[in-house]
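One structure below.
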Amino acid sequence: MPVNDLPRVEHRFVEVDGVRVFYRQAGPADAPVLLLLHGFPSGSHQFRRLIDALGGSYRLIAPDYPGFGHTEAPESFTYSFDRLADIIEGFLERLELTRFFLYAFDFGAPVGFRIATRRPEWVAGLVIQNGNAYEEGLSEGAREFVALRPDQPGAEATIRDLLTLPGTRGQYEHGVFDTDLLAPDGWTLDQHFLDLPGRKEAQVALAFDYHSNVEQYPRWQEWLRTTMPPTLILWGRNDPFFPETGAHAYLYDVPDAELHVFDTGHFALEDRLPDIAPLIADFLDRHWPKD
């Protein structure tokens, strides 16, 4: 029986400004590069099946941010989206990754777009999966969450409710029609990392900083209009945070973007990988620079 080529996946650490950044990598050194930026409350482990699916033909790099997964940050680390982007930018410099396609999911959008606007020459194209950059892409619940401030009574408790196992599991299951397709490993591993010392405090700080992302939406949109990168948009339409309108909003600024909407939730890779992986492969084949 023929067996598909499975990639050799390496698991490494690299030091960046006092942060020990964990990352996964697979694929030929001379292949098109796809930088995989994970979401909340997950880590690079959310891409394990995608790496298996594509890592035989493409170079895939998936780091964990400070406060997530296996990455180790000092107690003095200040958690903000600017600082997450600083560390990932430094990580890319350490690995000498200066040309790649950017896969931006959830938190990967604010981290990735910060890097893209700082280093536009690095980004050969975008794969956007439920990663928002438009106000119309925020649900009412997301708007209420973004409005939370540290001095607001009950605000921190609201955030911490999301950091519990029911809150984590719900992010995977919401809007998914066949939950038998969801491996419980995802939310179980996410919760393991959330429950490590200092991790919930890091997530609270990032939640209170989320408004800084919304404030930067116009800048990111201007970058999209100016550079017109090849863009593939993949969206779970039942996302409770980022509704489908956020996917279509990208077409305002990148009208030639390829848009695919799926009947699933936030973590679309969990149950729609067989549909999504071929789209990414085809997109990389057609748009990777041939120079």
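Residue names in the structure tokens use chain letters A, B, ... in the order shown, residue numbers from 1 in each chain, and ligand numbers from 1 in the order shown.
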
If we count only C-alpha atoms, what is near stretch 243-257 of chain A at a cut-off of 7 Å, once residues fewer than 5 positions away on the same chain are taken out, given as a list in words?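 Counting only the stated atoms, we get Asn132, Tyr134, Glu136, Gly137, Leu138, Ser139, Gln221, Leu224, Arg225, Met228, Pro230, Thr231, Leu232, Ile233, Trp235, Arg237 and Asn238 of chain A.
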
Using only C-alpha atoms, determine which residues lie at most 9 Å from stretch 156-167 of chain A, disregarding the query and same-chain residues fewer than 6 positions distant; provide the list as a ChimeraX atom specification. /A:41,145,148-150,187-188,190-191,194-195,200-201,203-204,207-208

Can you write out the residues you just picked, keeping C-alpha atoms, as a short mmCIF file (atom, residue, chain, number, x, y, z; two decimals), in the first residue's frame?
data_model
loop_
_atom_site.label_atom_id
_atom_site.label_comp_id
_atom_site.auth_asym_id
_atom_site.auth_seq_id
_atom_site.Cartn_x
_atom_site.Cartn_y
_atom_site.Cartn_z
CA PRO A 41 -5.13 30.14 23.61
CA PHE A 145 -14.23 42.01 25.17
CA LEU A 148 -12.58 45.77 28.81
CA ARG A 149 -10.12 47.84 30.85
CA PRO A 150 -8.13 46.98 34.01
CA TRP A 187 -8.09 22.04 24.09
CA THR A 188 -6.53 19.67 26.67
CA ASP A 190 -4.03 24.41 25.53
CA GLN A 191 -5.43 24.22 29.04
CA LEU A 194 -2.79 28.02 30.43
CA ASP A 195 -2.57 26.46 33.88
CA LYS A 200 -3.09 33.33 32.99
CA GLU A 201 -1.60 36.62 34.11
CA GLN A 203 -3.24 36.24 28.96
CA VAL A 204 -5.01 38.84 31.09
CA ALA A 207 -6.56 40.72 26.66
CA PHE A 208 -6.37 44.23 28.11
#

Quick one, how far is atom CA of A:Thr117 from atom CA of A:Pro32?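 Atom CA of A:Pro32 lies at a distance of 21.2 Å from atom CA of A:Thr117.
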
Kindly give the distance, in Å, that separates atom CA of A:Glu144 and atom CA of A:Ile128, rounded to a single decimal. 23.6 Å

Compile the contact shell of A:Asp5 as a PyMOL selection string: residues with an atom at most 12 Å away, counting only C-alpha atoms, same-chain residues fewer than 5 positions apart removed. chain A and resi 27+51-57

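Taking only C-alpha atoms, the non-local environment of stretch 83-95 of chain A within 9 Å (same-chain residues fewer than 5 positions away omitted) comprises A:Val14, A:Glu15, A:Val16, A:Asp17, A:Val19, A:Val21, A:Pro63, A:Asp64, A:Tyr65, A:Pro66, A:Phe77, A:Thr78, A:Pro110, A:Val111, A:Gly112, A:Phe113, A:Arg114, A:Ile115, A:Arg119.
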
How would you write, as a compact mmCIF listing (two decimals) with C-alpha atoms, in the first residue's frame, the set of residues in stretch 117-237 of chain A that DSSP gives as alpha helix (DSSP H)?
# COMPACT_ATOMS: atom_id res chain seq x y z
CA THR A 117 4.31 46.65 8.29
CA ARG A 118 7.79 46.75 9.85
CA GLU A 140 -20.67 42.00 19.39
CA GLY A 141 -19.09 39.75 22.01
CA ALA A 142 -15.63 40.52 20.68
CA ARG A 143 -16.35 44.26 20.80
CA GLU A 144 -17.39 43.97 24.43
CA PHE A 145 -14.23 42.01 25.17
CA VAL A 146 -12.00 44.59 23.43
CA ALA A 155 -13.27 42.97 33.78
CA GLU A 156 -10.46 40.67 34.88
CA ALA A 157 -12.95 38.05 36.09
CA THR A 158 -14.59 38.11 32.64
CA ILE A 159 -11.24 37.43 31.01
CA ARG A 160 -10.33 34.68 33.46
CA ASP A 161 -13.63 32.90 32.78
CA LEU A 162 -12.41 32.41 29.21
CA LEU A 165 -11.34 24.41 30.53
CA PRO A 166 -14.99 25.03 29.51
CA GLY A 167 -13.93 28.33 27.94
CA THR A 168 -11.06 26.73 26.06
CA ARG A 169 -13.06 23.73 24.88
CA GLY A 170 -15.93 25.95 23.80
CA GLN A 171 -13.67 27.83 21.40
CA TYR A 172 -13.01 24.58 19.57
CA GLU A 173 -16.57 23.25 19.56
CA ASP A 185 -5.93 16.87 22.51
CA GLY A 186 -6.13 20.47 21.26
CA TRP A 187 -8.09 22.04 24.09
CA THR A 188 -6.53 19.67 26.67
CA LEU A 189 -3.01 20.76 25.72
CA ASP A 190 -4.03 24.41 25.53
CA GLN A 191 -5.43 24.22 29.04
CA HIS A 192 -2.28 22.51 30.31
CA PHE A 193 -0.22 25.50 29.18
CA LEU A 194 -2.79 28.02 30.43
CA ARG A 199 0.38 32.05 32.07
CA LYS A 200 -3.09 33.33 32.99
CA GLU A 201 -1.60 36.62 34.11
CA ALA A 202 0.08 36.87 30.70
CA GLN A 203 -3.24 36.24 28.96
CA VAL A 204 -5.01 38.84 31.09
CA ALA A 205 -2.38 41.42 30.11
CA LEU A 206 -2.78 40.56 26.42
CA ALA A 207 -6.56 40.72 26.66
CA PHE A 208 -6.37 44.23 28.11
CA ASP A 209 -3.98 45.18 25.30
CA HIS A 211 -7.61 47.32 21.82
CA SER A 212 -4.15 48.25 20.46
CA ASN A 213 -4.81 45.87 17.57
CA VAL A 214 -8.10 47.51 16.63
CA GLU A 215 -6.36 50.88 16.73
CA GLN A 216 -3.86 49.62 14.16
CA TYR A 217 -6.44 48.23 11.72
CA PRO A 218 -6.22 51.33 9.45
CA ARG A 219 -2.44 50.96 9.22
CA TRP A 220 -2.67 47.29 8.30
CA GLN A 221 -5.37 48.00 5.74
CA GLU A 222 -3.20 50.68 4.17
CA TRP A 223 -0.34 48.15 3.95
CA LEU A 224 -2.67 45.69 2.20
CA ARG A 225 -3.83 48.34 -0.30
CA THR A 226 -0.29 49.51 -0.98
CA THR A 227 1.45 46.16 -1.35

Which is closer to A:Gly175 than all the others in A:Arg48, A:Arg99, A:His260, A:His266, using only C-alpha atoms?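 Counting only C-alpha atoms, the residue closest to A:Gly175 is A:His266.
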
For a test of reading the model, state the distance in Å between atom CA of A:Gln46 and atom CA of A:His174, rounded to one decimal.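 Taking atom CA of A:Gln46 and atom CA of A:His174, their separation equals 16.8 Å.
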
Find the residues near A:His287: any atom within 9 Å, counting only C-alpha atoms, skip ones fewer than 3 places away on the same chain, and give them as a PDB file with all heavy atoms, in the first residue's frame.
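Output file selection-v7.pdb is given in full below:
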ATOM      1  N   ALA A 124       6.020  37.488   1.240  1.00  0.00           N
ATOM      2  CA  ALA A 124       5.737  37.171  -0.158  1.00  0.00           C
ATOM      3  C   ALA A 124       4.247  36.997  -0.416  1.00  0.00           C
ATOM      4  O   ALA A 124       3.795  37.103  -1.558  1.00  0.00           O
ATOM      5  CB  ALA A 124       6.480  35.896  -0.567  1.00  0.00           C
ATOM      6  N   GLY A 125       3.483  36.735   0.618  1.00  0.00           N
ATOM      7  CA  GLY A 125       2.046  36.534   0.480  1.00  0.00           C
ATOM      8  C   GLY A 125       1.429  36.187   1.811  1.00  0.00           C
ATOM      9  O   GLY A 125       2.131  35.978   2.811  1.00  0.00           O
ATOM     10  N   PRO A 230      -0.222  38.617  -2.710  1.00  0.00           N
ATOM     11  CA  PRO A 230      -1.069  37.455  -2.985  1.00  0.00           C
ATOM     12  C   PRO A 230      -1.691  36.989  -1.674  1.00  0.00           C
ATOM     13  O   PRO A 230      -0.981  36.823  -0.672  1.00  0.00           O
ATOM     14  CB  PRO A 230      -0.089  36.425  -3.546  1.00  0.00           C
ATOM     15  CG  PRO A 230       1.068  37.222  -4.055  1.00  0.00           C
ATOM     16  CD  PRO A 230       1.171  38.414  -3.148  1.00  0.00           C
ATOM     17  N   ASP A 282      -1.767  24.580  -3.368  1.00  0.00           N
ATOM     18  CA  ASP A 282      -1.964  25.156  -4.697  1.00  0.00           C
ATOM     19  C   ASP A 282      -1.600  26.631  -4.709  1.00  0.00           C
ATOM     20  O   ASP A 282      -0.970  27.130  -5.657  1.00  0.00           O
ATOM     21  CB  ASP A 282      -3.419  24.956  -5.115  1.00  0.00           C
ATOM     22  CG  ASP A 282      -3.734  25.634  -6.442  1.00  0.00           C
ATOM     23  OD1 ASP A 282      -3.191  25.194  -7.471  1.00  0.00           O
ATOM     24  OD2 ASP A 282      -4.511  26.610  -6.435  1.00  0.00           O
ATOM     25  N   PHE A 283      -1.966  27.341  -3.663  1.00  0.00           N
ATOM     26  CA  PHE A 283      -1.670  28.769  -3.555  1.00  0.00           C
ATOM     27  C   PHE A 283      -0.162  29.004  -3.517  1.00  0.00           C
ATOM     28  O   PHE A 283       0.361  29.876  -4.233  1.00  0.00           O
ATOM     29  CB  PHE A 283      -2.339  29.325  -2.298  1.00  0.00           C
ATOM     30  CG  PHE A 283      -2.111  30.781  -2.049  1.00  0.00           C
ATOM     31  CD1 PHE A 283      -2.755  31.738  -2.813  1.00  0.00           C
ATOM     32  CD2 PHE A 283      -1.269  31.199  -1.031  1.00  0.00           C
ATOM     33  CE1 PHE A 283      -2.553  33.092  -2.577  1.00  0.00           C
ATOM     34  CE2 PHE A 283      -1.063  32.546  -0.788  1.00  0.00           C
ATOM     35  CZ  PHE A 283      -1.702  33.496  -1.560  1.00  0.00           C
ATOM     36  N   LEU A 284       0.563  28.229  -2.715  1.00  0.00           N
ATOM     37  CA  LEU A 284       2.012  28.375  -2.632  1.00  0.00           C
ATOM     38  C   LEU A 284       2.667  28.065  -3.974  1.00  0.00           C
ATOM     39  O   LEU A 284       3.581  28.768  -4.409  1.00  0.00           O
ATOM     40  CB  LEU A 284       2.575  27.452  -1.554  1.00  0.00           C
ATOM     41  CG  LEU A 284       2.197  27.773  -0.099  1.00  0.00           C
ATOM     42  CD1 LEU A 284       2.770  26.721   0.837  1.00  0.00           C
ATOM     43  CD2 LEU A 284       2.682  29.149   0.308  1.00  0.00           C
ATOM     44  N   LYS A 290       9.514  33.023  -8.206  1.00  0.00           N
ATOM     45  CA  LYS A 290      10.312  32.066  -8.965  1.00  0.00           C
ATOM     46  C   LYS A 290      11.746  32.534  -9.199  1.00  0.00           C
ATOM     47  O   LYS A 290      12.485  31.903  -9.930  1.00  0.00           O
ATOM     48  CB  LYS A 290       9.641  31.807 -10.338  1.00  0.00           C
ATOM     49  CG  LYS A 290       8.257  31.229 -10.245  1.00  0.00           C
ATOM     50  CD  LYS A 290       8.219  29.897  -9.516  1.00  0.00           C
ATOM     51  CE  LYS A 290       6.873  29.200  -9.659  1.00  0.00           C
ATOM     52  NZ  LYS A 290       5.797  29.871  -8.914  1.00  0.00           N
TER      53      LYS A 290
END

Given only C-alpha atoms as the basis, pick out the residue of A:Phe107, A:Tyr58, A:Val127, A:Leu196 nearest to A:Leu279.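 Nearest candidate to A:Leu279 out of A:Phe107, A:Tyr58, A:Val127, A:Leu196: A:Val127.
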
Per DSSP on the backbone, filter stretch 76-243 of chain A down to the residues in strand (DSSP E or B) and report them as JSON, numbers by chain. {"A": [100, 101, 102, 103, 104, 105, 123, 124, 125, 126, 127, 128, 129, 231, 232, 233, 234, 235, 236]}

Selection from above, C-alpha atoms, as a PDB file, in the first residue's frame, can you write it?
ATOM      1  CA  PHE A 100       8.041  33.781   3.496  1.00  0.00           C
ATOM      2  CA  PHE A 101       4.315  33.379   3.172  1.00  0.00           C
ATOM      3  CA  LEU A 102       2.594  34.367   6.404  1.00  0.00           C
ATOM      4  CA  TYR A 103      -0.181  32.171   7.824  1.00  0.00           C
ATOM      5  CA  ALA A 104      -2.079  34.385  10.265  1.00  0.00           C
ATOM      6  CA  PHE A 105      -4.683  32.803  12.523  1.00  0.00           C
ATOM      7  CA  VAL A 123       6.242  38.933   3.181  1.00  0.00           C
ATOM      8  CA  ALA A 124       5.737  37.171  -0.158  1.00  0.00           C
ATOM      9  CA  GLY A 125       2.046  36.534   0.480  1.00  0.00           C
ATOM     10  CA  LEU A 126      -0.648  35.912   3.064  1.00  0.00           C
ATOM     11  CA  VAL A 127      -2.766  32.993   4.177  1.00  0.00           C
ATOM     12  CA  ILE A 128      -5.425  34.432   6.482  1.00  0.00           C
ATOM     13  CA  GLN A 129      -7.466  31.986   8.554  1.00  0.00           C
ATOM     14  CA  THR A 231      -3.701  36.527  -0.401  1.00  0.00           C
ATOM     15  CA  LEU A 232      -5.612  33.360   0.392  1.00  0.00           C
ATOM     16  CA  ILE A 233      -8.472  33.783   2.885  1.00  0.00           C
ATOM     17  CA  LEU A 234      -9.797  30.710   4.701  1.00  0.00           C
ATOM     18  CA  TRP A 235     -12.632  31.302   7.169  1.00  0.00           C
ATOM     19  CA  GLY A 236     -14.851  29.326   9.494  1.00  0.00           C
TER      20      GLY A 236
END
